[in-house]
Amino acid sequence: MKLLSSIKKELILAARSFYFYIEIGFALIMLAVLLFAVPEHSGARSEEYLYLDLPPAAAKVLIDETLDEDIDGRPQETELKAEGAVYKALLFQTDERDIFLMESEAAAETMTKHKKAIGAVITMDKGELHYKYFLQGYESKRLKNLLLVLHAQDFDTLETRMNEQKVINVDSGHIPLNDRENAIPPLMAFSGSLMSMFIMAAYVSLDRQEGVIKAFAVTASPVSKYLISKMFVLMLTSVISGLIVVAPLMGTKINYALLLLLLLTTGVFASMLGLLTASFFQNITKAFGIIFLPMVLFMLPAIAYYIPGWDPVWVKLIPSYPMLQGFKEIISNGDAMYVLLVSAGFLAAGFVLFLITNNRFRKTLTV
Amino acid sequence: MISVKGLYHSYSKDDKYAVKNVSFEIPKGEIFGFLGPSGAGKSTTQGILTGLLSLQKGDVSVAGYDIKQIKQEMFNKIGMSFEQSNVYSKLTALENLKFYSRLFDVPTRDPKELIELVGLRGKENIRVGEFSKGMKHRLTFARSMINNPEMWFLDEPTTGLDPAIAANIKDIIREQNNKGITVFLTTHNMYIADELCDRVAFIIDGEIKLIDSPKNLKLRYGKRIVDVEYIDGSAKKKGSFSTVEQKDRDALASILHSKEILTMHTKEATLEEIFIKVTGRGLGVSEAS
Ligand SMILES: Nc1ncnc2c1ncn2[C@@H]1O[C@H](COP(=O)(O)OP(=O)(O)OP(=O)(O)O)[C@@H](O)[C@H]1O
Ligand SMILES: [Mg+2]
C-alpha cells in the first residue's frame with residue numbers, strides 16, 4: 001500500500017517533470033534517426049550485371065535457380081540508364097545481391113563500368129558453361145584467382161564440392177544484422193544505462209533540493225520504499241523508450257520476453273548507480289559534474305562496438321559492455337543464455353547497489 | 001514522552017559540538033519550548049530526536065522508543081513540521097497530503113480538512129510550486145498533523161507568516177495540545193513561546209542554560225525591570241536593569257548618579273528580555289522585537 005502509493009506519486013511526478021519527456025523524446029529521435037538516416041544496407045549489398053548468351057532451355061535453368069533465391073520469387077522488369085542509353089533488365093533480388101539480367105553483352109559491360117559493380121557474360125560451349133567477367137581492374141589477385149579456380153572445374157564437380165563444403169561464418173554465428181539493426185544495441189545500452197542513471201540522479205537531486213526526502217524519512221514508511229518506487233518509474237521509462245526504438249524496427253523478429261528482462265534488469269542496475277551517485281551530492285549541479293565521468297566510461301564499449309579492431313579486455317569490464325552485447329544477442333536472436341546470465345548479473349549488482357544506497361540514504365539525511 | 005540525557009552532536013565528528021551535554025525531559029501533554037539564537041543547535045537537537053540525524057552520544061527516548069535503534073513504526077506516533085517547508089512542488093496541495101497520509105499505518109486525518117484548517121481552502125488543487133513561501137510553510141505544518149501524532153515536533157512553525165496567520169497557527173497548536181498531544185516547539189517568536197509553552201529551555205552554543213516555565217521566569221524577573229535611556233558622553237544609550245540583582249542595581253545606581261537620564265520606566269519583562277538577561281545574548285532574528 002505504501003509502496004503502491006509511492007509508485008503512483010512517482011508516476012505523477014515523472015509525468016509532470018521534463019526528464020521523463022527527455023527520455024521518451026530521445027527514444028523517438030533515435031527511432032527517427034535509425035529509420036530515416038541509417039540505411040538498412042550501406043554498401044553491403046552488391047549488384048551484378050549478367051548477360052546470358054545461352055540457348056533458351058539452359059538460360060531457363062539458370063534463371064529458375066536464381067529465382068529460388070529471390071526474395072519474392074519473381075523477377076522485376078526494370079529500366080536502367082547509363083551513359084545516355086536506356087537498357088531493359090530483369091531484376092532478381094536475393095538477400096545479399098541485386099542481380100540484373102541484361103539483354104546484351106554490351107549492356108552488361110556498360111552497366112558494370114557505370115556502377116562499378118560486377119558483370120559477367122555466360123555462354124555455353126559443348127554443353128559447358130563459360131564465364132566472362134567484367135572487372136573494374138582494382139580487384140585483388142585473390143578474387144581473380146578465385147574466379148579462375150571456380151571455373152577450371154566442370155560444373156557438376158563444383159556443385160558437389162560446394163555442397164560438401166561446410167560454411168563457417170567467422171563473425172558471430174548469428175543471423176547477420178543489417179546496418180540499421182546493428183545500430184540498435186549501442187543505442188539501447190545508452191538509453192538503458194546512461195539515461196536512467198542521469199535521470200535518476202536528476203530526480204533525486206530535485207527531491208533533495210525540495211527536502212521531500214527528509215519528509216519521507218519521518219514517516220512510517222522505510223526509505224527503501226522511496227528508492228524502490230523511484231527505481232520502478234525509471235524501469236518503466238526505460239522499457240517504454242526501449243520498445244519505442246526496438247518494436248518498430250524489429251517487429252516480431254525477436255524475443256520480447258528476453259528484451260523486457262534485460263531492459264528491466266539493466267534499469268535496476270543503472271538507476272541504482274544513479275541513486276548512489278546522487279546520494280553523495282547535495283544538489284544537482286554538483287552531481288552532474290561527477291556523473292559525467294561514469295557516463296564517458298560507459299560510452300567506451302559503444303566505441304569498441306563500432307571499431308572492430310579495438311576491443312581491449314578492460315573495456316569488457318565496463319558494465320555497459322555486457323549490456324550492449326546482451327542487446328545485440330537479443331536483436332540478432334542469438335545466445336539467450338548469455339542474455340539470461342547478463343540479466344542475472346545486473347540484477348545481482350543492482351541489488352548490492354541498492355543495499356549500499358539504502359544505507360547511505362539513511363545516513364546522509366541532514367537537518 | 002521525551003527523555004534526553006547527555007546528548008552530544010558534532011557534524012564534523014570531532015570535538016566541535018553543535019549540541020553538547022543537553023538533557024531534558026518532556027512529560028506527556030506538555031508544550032515544551034526550545035528557544036535560542038540562530039545556530040544555537042535547536043534544529044540539530046530536533047533532528048536527532050526525529051531520527052534525521054544519527055545519535056552520536058547520549059540517551060534519547062521518544063514516545064517510548066529508543067532512538068539508538070529507530071523503528072520505522074515509531075513515526076506513526078510522531079509528527080514533524082520542518083523549518084524549511086518541504087513539499088512536492090509538482091503536486092497539488094491535496095495530492096501532497098493524500099500521498100503523505102498513505103505512508104502511515106494508523107488512521108489519518110482528512111487532507112481537505114487539514115488544508116482548510118491552515119487557511120488554504122480553495123487552494124487544494126493548485127500545484128504547490130505556485131504557492132507563496134508562507135503557504136508552503138502552512139502546508140508543511142498541516143502535513144505534520146496528518147497521522148494524529150502523539151508527539152508533535154514543530155520547527156519554527158510561524159516563521160515568515162503574517163501575525164494573523166501566526167495567531168491562527170498558535171490556536172491550532174493550543175487546540176491540539178488540549179487533546180493531550182505533547183509538543184516540542186522550536187521558535188524565535190517569544191510571544192508565541194510565552195503564550196503556549198508550559199516550560200521553555202534557553203539554548204545557546206549547543207548548551208541549555210535554563211529550563212523553567214514562563215510563569216516562574218516572570219515571577220523571578222517580571223515587573224522588576226527598569227528601562228533607562230540616558231546620555232553617555234555624546235551618545236544616546238539604552239539599558240535594562242533588574243531591580244533584584246545586585247550587579248544591575250549597582251549599574252543602575254551609577255547611571256542615575258552620573259549620567260543625564262532621558263526616559264526611565266519599569267515594565268513587565270518579556271520572555272526575550274529574560275532570555276537576554278539570563279544568557280547575556282540576544283535572540284538575533286526575532287519577530288518579537
Ligand atoms: N548540515 C550541517 N553541517 C554542518 N554543520 C551544521 C549543519 N547544520 C547545522 N550545523 C551547525 O550546527 C550548529 C547548530 O545549528 P542548528 O541548525 O541546530 O541551529 P538552530 O538553533 O536550529 O538555528 P536557527 O535558529 O538558525 O534554525 C550551527 O553552528 C550550524 O552551523
Ligand atoms: Mg533551526
# chains A, B, ... in the order shown; residues from 1 in each chain; ligands from 1
$ residues_around --residues "Glu25 of chain B" --least-positions-apart "5" --cutoff "8 Å" --atoms "only C-alpha atoms" --output "ChimeraX atom specification"
/B:1-4
$ residues_around --residues "segment 128-132 of chain B" --least-positions-apart "6" --cutoff "9 Å" --atoms "only C-alpha atoms" --output "short mmCIF file (atom, residue, chain, number, x, y, z; two decimals) with N, CA, C and O atoms, in the first residue's frame"
data_model
loop_
_atom_site.label_atom_id
_atom_site.label_comp_id
_atom_site.auth_asym_id
_atom_site.auth_seq_id
_atom_site.Cartn_x
_atom_site.Cartn_y
_atom_site.Cartn_z
N VAL B 87 7.62 20.31 0.56
CA VAL B 87 6.50 19.62 -0.07
C VAL B 87 6.81 19.51 -1.55
O VAL B 87 7.63 20.25 -2.07
N TYR B 88 6.17 18.57 -2.22
CA TYR B 88 6.41 18.40 -3.66
C TYR B 88 5.80 19.57 -4.43
O TYR B 88 4.59 19.75 -4.43
N SER B 89 6.65 20.33 -5.09
CA SER B 89 6.10 21.49 -5.81
C SER B 89 5.34 21.06 -7.05
O SER B 89 4.52 21.81 -7.57
N LYS B 90 5.60 19.85 -7.52
CA LYS B 90 4.89 19.40 -8.73
C LYS B 90 3.53 18.77 -8.41
O LYS B 90 2.76 18.48 -9.32
N LEU B 91 3.28 18.55 -7.14
CA LEU B 91 1.97 18.01 -6.75
C LEU B 91 1.11 19.13 -6.20
O LEU B 91 1.61 20.14 -5.70
N THR B 92 -0.20 18.94 -6.27
CA THR B 92 -1.09 19.92 -5.67
C THR B 92 -1.08 19.74 -4.15
O THR B 92 -0.56 18.73 -3.65
N ALA B 93 -1.66 20.71 -3.46
CA ALA B 93 -1.70 20.62 -2.00
C ALA B 93 -2.38 19.33 -1.57
O ALA B 93 -1.89 18.60 -0.70
N ASN B 96 -0.28 16.23 -2.30
CA ASN B 96 0.79 16.14 -1.31
C ASN B 96 0.31 15.45 -0.04
O ASN B 96 0.93 14.51 0.45
N LEU B 139 1.33 24.50 4.62
CA LEU B 139 1.02 23.15 4.16
C LEU B 139 1.94 22.13 4.86
O LEU B 139 1.49 21.05 5.27
#
$ residues_near_ligand --ligand "ligand 1" --cutoff "7 Å" --atoms "only C-alpha atoms and all ligand atoms" --output "list in words"
Thr366 and Val367 of chain A; Tyr11, Ser12, Ala18, Gly36, Pro37, Ser38, Gly39, Ala40, Gly41, Lys42, Ser43, Thr44, Thr45 and Gly206 of chain B
$ write_last_selection --atoms "all heavy atoms" --output "compact mmCIF listing (two decimals), in the first residue's frame"
# COMPACT_ATOMS: atom_id res chain seq x y z
N THR A 366 20.37 15.07 6.19
CA THR A 366 20.76 16.04 7.20
C THR A 366 19.65 17.04 7.46
O THR A 366 18.81 17.28 6.62
CB THR A 366 22.03 16.79 6.78
OG1 THR A 366 21.89 17.12 5.41
CG2 THR A 366 23.24 15.94 6.99
N VAL A 367 19.67 17.61 8.63
CA VAL A 367 18.63 18.57 9.02
C VAL A 367 18.82 19.88 8.26
O VAL A 367 19.94 20.27 8.02
CB VAL A 367 18.69 18.84 10.53
CG1 VAL A 367 17.72 19.96 10.91
CG2 VAL A 367 18.35 17.59 11.28
N TYR B 11 28.78 17.74 13.80
CA TYR B 11 28.64 17.47 12.37
C TYR B 11 29.96 17.01 11.78
O TYR B 11 29.99 16.20 10.86
CB TYR B 11 28.15 18.72 11.63
CG TYR B 11 26.68 18.99 11.83
CD1 TYR B 11 26.24 19.91 12.77
CD2 TYR B 11 25.74 18.32 11.06
CE1 TYR B 11 24.88 20.16 12.94
CE2 TYR B 11 24.39 18.56 11.24
CZ TYR B 11 23.96 19.48 12.17
OH TYR B 11 22.63 19.71 12.33
N SER B 12 31.05 17.55 12.32
CA SER B 12 32.36 17.20 11.77
C SER B 12 32.95 15.99 12.48
O SER B 12 34.08 15.61 12.22
CB SER B 12 33.29 18.41 11.86
OG SER B 12 33.15 19.03 13.13
N ALA B 18 27.88 20.88 17.95
CA ALA B 18 26.74 21.75 17.66
C ALA B 18 25.75 21.65 18.82
O ALA B 18 24.96 22.56 19.06
CB ALA B 18 26.08 21.34 16.36
N GLY B 36 16.36 29.87 21.38
CA GLY B 36 17.78 30.18 21.28
C GLY B 36 18.07 30.92 20.00
O GLY B 36 17.29 30.85 19.06
N PRO B 37 19.21 31.62 19.96
CA PRO B 37 19.54 32.37 18.74
C PRO B 37 19.87 31.43 17.59
O PRO B 37 20.02 30.22 17.79
CB PRO B 37 20.76 33.19 19.16
CG PRO B 37 21.37 32.44 20.29
CD PRO B 37 20.24 31.76 20.99
N SER B 38 20.00 32.02 16.42
CA SER B 38 20.32 31.24 15.24
C SER B 38 21.64 30.50 15.43
O SER B 38 22.61 31.07 15.91
CB SER B 38 20.41 32.18 14.04
OG SER B 38 20.48 31.45 12.87
N GLY B 39 21.65 29.24 15.07
CA GLY B 39 22.88 28.45 15.19
C GLY B 39 23.10 27.88 16.57
O GLY B 39 24.15 27.31 16.85
N ALA B 40 22.11 27.98 17.44
CA ALA B 40 22.27 27.51 18.82
C ALA B 40 22.26 25.99 18.92
O ALA B 40 22.80 25.42 19.87
CB ALA B 40 21.18 28.10 19.70
N GLY B 41 21.64 25.34 17.94
CA GLY B 41 21.58 23.88 17.98
C GLY B 41 20.17 23.35 18.15
O GLY B 41 19.97 22.17 18.46
N LYS B 42 19.19 24.20 17.91
CA LYS B 42 17.80 23.78 18.09
C LYS B 42 17.40 22.74 17.05
O LYS B 42 16.90 21.66 17.39
CB LYS B 42 16.87 25.00 17.98
CG LYS B 42 17.21 26.13 18.93
CD LYS B 42 16.23 27.29 18.85
CE LYS B 42 16.21 28.01 17.51
NZ LYS B 42 17.40 28.82 17.23
N SER B 43 17.63 23.08 15.79
CA SER B 43 17.25 22.13 14.74
C SER B 43 18.07 20.86 14.83
O SER B 43 17.57 19.77 14.53
CB SER B 43 17.44 22.77 13.36
OG SER B 43 16.61 23.88 13.23
N THR B 44 19.31 20.98 15.24
CA THR B 44 20.15 19.79 15.39
C THR B 44 19.53 18.85 16.42
O THR B 44 19.40 17.65 16.17
CB THR B 44 21.57 20.21 15.83
OG1 THR B 44 22.08 21.15 14.89
CG2 THR B 44 22.48 19.01 15.89
N THR B 45 19.15 19.42 17.57
CA THR B 45 18.53 18.59 18.61
C THR B 45 17.27 17.92 18.07
O THR B 45 17.06 16.71 18.23
CB THR B 45 18.17 19.45 19.83
OG1 THR B 45 19.34 20.16 20.24
CG2 THR B 45 17.66 18.61 20.97
N GLY B 206 24.81 25.43 21.71
CA GLY B 206 24.66 23.99 21.91
C GLY B 206 24.41 23.56 23.35
O GLY B 206 24.27 22.38 23.62
$ closest_residue --among "A:Tyr305, A:Phe190, A:Tyr321, A:Phe361" --to "chain B" --atoms "only C-alpha atoms"
A:Phe361
$ interface_residues --of "chain A" --to "chain B" --cutoff "8 Å" --atoms "only C-alpha atoms" --output "mmCIF file with C-alpha atoms, in the first residue's frame"
data_model
loop_
_atom_site.group_PDB
_atom_site.id
_atom_site.type_symbol
_atom_site.label_atom_id
_atom_site.label_comp_id
_atom_site.auth_asym_id
_atom_site.auth_seq_id
_atom_site.Cartn_x
_atom_site.Cartn_y
_atom_site.Cartn_z
ATOM 1 C CA MET A 1 0.000 0.000 0.000
ATOM 2 C CA LYS A 2 2.752 2.421 0.983
ATOM 3 C CA SER A 5 1.121 4.932 -3.201
ATOM 4 C CA SER A 6 4.763 5.949 -3.594
ATOM 5 C CA LYS A 9 3.142 9.555 -6.767
ATOM 6 C CA ILE A 12 2.595 11.623 -11.388
ATOM 7 C CA LEU A 13 5.856 13.420 -10.672
ATOM 8 C CA ARG A 16 4.926 16.359 -14.705
ATOM 9 C CA SER A 17 8.675 16.583 -14.992
ATOM 10 C CA ASP A 207 13.818 15.750 -4.256
ATOM 11 C CA GLU A 210 12.897 20.282 -2.156
ATOM 12 C CA GLY A 211 13.677 18.467 1.089
ATOM 13 C CA VAL A 212 10.980 15.879 0.491
ATOM 14 C CA LYS A 214 13.513 14.352 4.841
ATOM 15 C CA ALA A 215 9.737 14.489 4.985
ATOM 16 C CA ALA A 217 12.180 9.896 6.439
ATOM 17 C CA VAL A 218 9.821 10.840 9.271
ATOM 18 C CA THR A 219 7.003 8.612 8.082
ATOM 19 C CA ALA A 220 6.278 5.019 8.955
ATOM 20 C CA SER A 221 7.466 4.044 5.506
ATOM 21 C CA PRO A 222 11.085 2.924 5.146
ATOM 22 C CA LYS A 363 22.782 8.212 6.977
ATOM 23 C CA LEU A 365 19.672 12.878 5.501
ATOM 24 C CA THR A 366 20.760 16.043 7.204
ATOM 25 C CA VAL A 367 18.629 18.570 9.021
#
$ residues_around --residues "Ala302 of chain A" --least-positions-apart "5" --cutoff "12 Å" --atoms "only C-alpha atoms" --output "PyMOL selection string"
chain A and resi 182-190+194+295-297+307-308+310-311+315-316+318-325+327-328
$ decode --residues "segment 229-358 of chain A" --atoms "C-alpha atoms" --output "PDB file, in the first residue's frame"
ATOM      1  CA  SER A 229       9.372   3.486  -6.212  1.00  0.00           C
ATOM      2  CA  LYS A 230      11.877   5.743  -7.930  1.00  0.00           C
ATOM      3  CA  MET A 231      13.540   2.742  -9.488  1.00  0.00           C
ATOM      4  CA  PHE A 232      10.216   1.439 -10.690  1.00  0.00           C
ATOM      5  CA  VAL A 233       9.487   4.614 -12.605  1.00  0.00           C
ATOM      6  CA  LEU A 234      12.930   4.533 -14.169  1.00  0.00           C
ATOM      7  CA  MET A 235      12.454   0.919 -15.210  1.00  0.00           C
ATOM      8  CA  LEU A 236       9.136   1.788 -16.738  1.00  0.00           C
ATOM      9  CA  THR A 237      10.543   4.686 -18.753  1.00  0.00           C
ATOM     10  CA  SER A 238      13.449   2.532 -19.787  1.00  0.00           C
ATOM     11  CA  VAL A 239      11.053  -0.160 -21.056  1.00  0.00           C
ATOM     12  CA  ILE A 240       8.896   2.370 -22.861  1.00  0.00           C
ATOM     13  CA  SER A 241      11.801   4.079 -24.547  1.00  0.00           C
ATOM     14  CA  GLY A 242      13.400   0.729 -25.361  1.00  0.00           C
ATOM     15  CA  LEU A 243      10.246  -0.529 -27.013  1.00  0.00           C
ATOM     16  CA  ILE A 244       9.813   2.715 -28.913  1.00  0.00           C
ATOM     17  CA  VAL A 245      13.113   2.029 -30.625  1.00  0.00           C
ATOM     18  CA  VAL A 246      13.013  -1.728 -30.973  1.00  0.00           C
ATOM     19  CA  ALA A 247       9.424  -2.608 -31.763  1.00  0.00           C
ATOM     20  CA  PRO A 248       9.030  -0.587 -34.992  1.00  0.00           C
ATOM     21  CA  LEU A 249      12.397  -1.743 -36.286  1.00  0.00           C
ATOM     22  CA  MET A 250      12.405  -5.401 -35.303  1.00  0.00           C
ATOM     23  CA  GLY A 251       8.705  -6.181 -35.458  1.00  0.00           C
ATOM     24  CA  THR A 252       8.042  -9.751 -34.397  1.00  0.00           C
ATOM     25  CA  LYS A 253      11.509 -10.975 -35.280  1.00  0.00           C
ATOM     26  CA  ILE A 254      12.912 -11.031 -31.761  1.00  0.00           C
ATOM     27  CA  ASN A 255      12.200 -12.446 -28.333  1.00  0.00           C
ATOM     28  CA  TYR A 256      10.440  -9.706 -26.396  1.00  0.00           C
ATOM     29  CA  ALA A 257      10.483 -11.595 -23.118  1.00  0.00           C
ATOM     30  CA  LEU A 258      14.263 -11.515 -23.198  1.00  0.00           C
ATOM     31  CA  LEU A 259      14.229  -7.879 -24.226  1.00  0.00           C
ATOM     32  CA  LEU A 260      11.969  -6.943 -21.306  1.00  0.00           C
ATOM     33  CA  LEU A 261      14.113  -8.926 -18.934  1.00  0.00           C
ATOM     34  CA  LEU A 262      17.288  -7.193 -19.990  1.00  0.00           C
ATOM     35  CA  LEU A 263      15.648  -3.757 -20.060  1.00  0.00           C
ATOM     36  CA  LEU A 264      14.315  -4.249 -16.543  1.00  0.00           C
ATOM     37  CA  THR A 265      17.481  -5.640 -15.021  1.00  0.00           C
ATOM     38  CA  THR A 266      19.754  -3.067 -16.616  1.00  0.00           C
ATOM     39  CA  GLY A 267      17.217  -0.473 -15.491  1.00  0.00           C
ATOM     40  CA  VAL A 268      17.598  -1.670 -11.905  1.00  0.00           C
ATOM     41  CA  PHE A 269      21.341  -1.540 -12.146  1.00  0.00           C
ATOM     42  CA  ALA A 270      21.628   1.844 -13.813  1.00  0.00           C
ATOM     43  CA  SER A 271      19.034   3.583 -11.681  1.00  0.00           C
ATOM     44  CA  MET A 272      20.681   2.290  -8.525  1.00  0.00           C
ATOM     45  CA  LEU A 273      24.008   3.565  -9.769  1.00  0.00           C
ATOM     46  CA  GLY A 274      22.381   6.939 -10.360  1.00  0.00           C
ATOM     47  CA  LEU A 275      20.865   6.885  -6.887  1.00  0.00           C
ATOM     48  CA  LEU A 276      24.161   6.040  -5.303  1.00  0.00           C
ATOM     49  CA  THR A 277      25.913   8.815  -7.187  1.00  0.00           C
ATOM     50  CA  ALA A 278      23.210  11.286  -6.239  1.00  0.00           C
ATOM     51  CA  SER A 279      23.483  10.300  -2.589  1.00  0.00           C
ATOM     52  CA  PHE A 280      26.931  11.856  -2.477  1.00  0.00           C
ATOM     53  CA  PHE A 281      25.751  15.278  -3.541  1.00  0.00           C
ATOM     54  CA  GLN A 282      23.512  17.898  -2.084  1.00  0.00           C
ATOM     55  CA  ASN A 283      22.367  19.372  -5.345  1.00  0.00           C
ATOM     56  CA  ILE A 284      22.027  18.609  -8.984  1.00  0.00           C
ATOM     57  CA  THR A 285      24.824  20.845 -10.232  1.00  0.00           C
ATOM     58  CA  LYS A 286      27.401  19.107  -8.090  1.00  0.00           C
ATOM     59  CA  ALA A 287      26.045  15.695  -9.028  1.00  0.00           C
ATOM     60  CA  PHE A 288      26.231  16.418 -12.745  1.00  0.00           C
ATOM     61  CA  GLY A 289      29.851  17.393 -12.535  1.00  0.00           C
ATOM     62  CA  ILE A 290      30.753  13.931 -11.374  1.00  0.00           C
ATOM     63  CA  ILE A 291      28.135  11.828 -13.118  1.00  0.00           C
ATOM     64  CA  PHE A 292      29.803  12.897 -16.312  1.00  0.00           C
ATOM     65  CA  LEU A 293      32.730  10.574 -15.605  1.00  0.00           C
ATOM     66  CA  PRO A 294      30.856   7.267 -15.466  1.00  0.00           C
ATOM     67  CA  MET A 295      28.891   8.436 -18.499  1.00  0.00           C
ATOM     68  CA  VAL A 296      32.036   8.796 -20.560  1.00  0.00           C
ATOM     69  CA  LEU A 297      33.287   5.476 -19.232  1.00  0.00           C
ATOM     70  CA  PHE A 298      30.027   3.819 -20.183  1.00  0.00           C
ATOM     71  CA  MET A 299      30.291   5.093 -23.707  1.00  0.00           C
ATOM     72  CA  LEU A 300      33.621   3.390 -24.368  1.00  0.00           C
ATOM     73  CA  PRO A 301      32.107  -0.037 -25.136  1.00  0.00           C
ATOM     74  CA  ALA A 302      29.961   1.604 -27.803  1.00  0.00           C
ATOM     75  CA  ILE A 303      33.131   2.866 -29.420  1.00  0.00           C
ATOM     76  CA  ALA A 304      34.668  -0.594 -29.217  1.00  0.00           C
ATOM     77  CA  TYR A 305      31.492  -1.924 -30.778  1.00  0.00           C
ATOM     78  CA  TYR A 306      31.911   0.229 -33.848  1.00  0.00           C
ATOM     79  CA  ILE A 307      35.647  -0.130 -34.201  1.00  0.00           C
ATOM     80  CA  PRO A 308      36.143  -3.855 -34.702  1.00  0.00           C
ATOM     81  CA  GLY A 309      39.907  -3.648 -34.330  1.00  0.00           C
ATOM     82  CA  TRP A 310      39.706  -2.027 -30.891  1.00  0.00           C
ATOM     83  CA  ASP A 311      38.370  -4.356 -28.262  1.00  0.00           C
ATOM     84  CA  PRO A 312      40.710  -4.377 -25.251  1.00  0.00           C
ATOM     85  CA  VAL A 313      39.916  -6.590 -22.289  1.00  0.00           C
ATOM     86  CA  TRP A 314      39.376  -3.748 -19.868  1.00  0.00           C
ATOM     87  CA  VAL A 315      36.559  -2.374 -21.966  1.00  0.00           C
ATOM     88  CA  LYS A 316      34.759  -5.654 -21.436  1.00  0.00           C
ATOM     89  CA  LEU A 317      34.802  -4.986 -17.706  1.00  0.00           C
ATOM     90  CA  ILE A 318      32.729  -1.826 -18.094  1.00  0.00           C
ATOM     91  CA  PRO A 319      29.103  -2.690 -17.268  1.00  0.00           C
ATOM     92  CA  SER A 320      27.774  -1.192 -20.469  1.00  0.00           C
ATOM     93  CA  TYR A 321      29.762  -3.770 -22.426  1.00  0.00           C
ATOM     94  CA  PRO A 322      27.730  -6.822 -21.408  1.00  0.00           C
ATOM     95  CA  MET A 323      24.681  -4.586 -21.628  1.00  0.00           C
ATOM     96  CA  LEU A 324      25.439  -3.814 -25.228  1.00  0.00           C
ATOM     97  CA  GLN A 325      26.339  -7.381 -26.062  1.00  0.00           C
ATOM     98  CA  GLY A 326      23.159  -8.566 -24.376  1.00  0.00           C
ATOM     99  CA  PHE A 327      21.057  -6.286 -26.545  1.00  0.00           C
ATOM    100  CA  LYS A 328      22.979  -7.460 -29.556  1.00  0.00           C
ATOM    101  CA  GLU A 329      22.210 -11.088 -28.774  1.00  0.00           C
ATOM    102  CA  ILE A 330      18.540 -10.192 -28.463  1.00  0.00           C
ATOM    103  CA  ILE A 331      18.386  -8.191 -31.681  1.00  0.00           C
ATOM    104  CA  SER A 332      20.192 -10.920 -33.603  1.00  0.00           C
ATOM    105  CA  ASN A 333      18.181 -13.694 -31.960  1.00  0.00           C
ATOM    106  CA  GLY A 334      21.430 -15.027 -30.664  1.00  0.00           C
ATOM    107  CA  ASP A 335      22.510 -16.581 -27.409  1.00  0.00           C
ATOM    108  CA  ALA A 336      19.556 -16.470 -24.999  1.00  0.00           C
ATOM    109  CA  MET A 337      21.687 -17.998 -22.265  1.00  0.00           C
ATOM    110  CA  TYR A 338      24.055 -15.061 -22.457  1.00  0.00           C
ATOM    111  CA  VAL A 339      21.165 -12.654 -22.062  1.00  0.00           C
ATOM    112  CA  LEU A 340      19.896 -14.551 -19.028  1.00  0.00           C
ATOM    113  CA  LEU A 341      23.336 -14.544 -17.466  1.00  0.00           C
ATOM    114  CA  VAL A 342      23.868 -10.856 -18.090  1.00  0.00           C
ATOM    115  CA  SER A 343      20.401 -10.084 -16.691  1.00  0.00           C
ATOM    116  CA  ALA A 344      21.114 -12.098 -13.571  1.00  0.00           C
ATOM    117  CA  GLY A 345      24.413 -10.264 -13.212  1.00  0.00           C
ATOM    118  CA  PHE A 346      22.795  -6.855 -13.459  1.00  0.00           C
ATOM    119  CA  LEU A 347      20.052  -7.833 -11.078  1.00  0.00           C
ATOM    120  CA  ALA A 348      22.594  -9.017  -8.518  1.00  0.00           C
ATOM    121  CA  ALA A 349      24.787  -5.949  -8.958  1.00  0.00           C
ATOM    122  CA  GLY A 350      21.693  -3.742  -8.748  1.00  0.00           C
ATOM    123  CA  PHE A 351      20.698  -5.403  -5.513  1.00  0.00           C
ATOM    124  CA  VAL A 352      24.098  -4.831  -3.947  1.00  0.00           C
ATOM    125  CA  LEU A 353      23.994  -1.198  -5.050  1.00  0.00           C
ATOM    126  CA  PHE A 354      20.526  -0.957  -3.572  1.00  0.00           C
ATOM    127  CA  LEU A 355      21.761  -2.136  -0.167  1.00  0.00           C
ATOM    128  CA  ILE A 356      24.616   0.333  -0.205  1.00  0.00           C
ATOM    129  CA  THR A 357      22.407   3.178  -1.391  1.00  0.00           C
ATOM    130  CA  ASN A 358      19.695   2.429   1.128  1.00  0.00           C
TER     131      ASN A 358
END
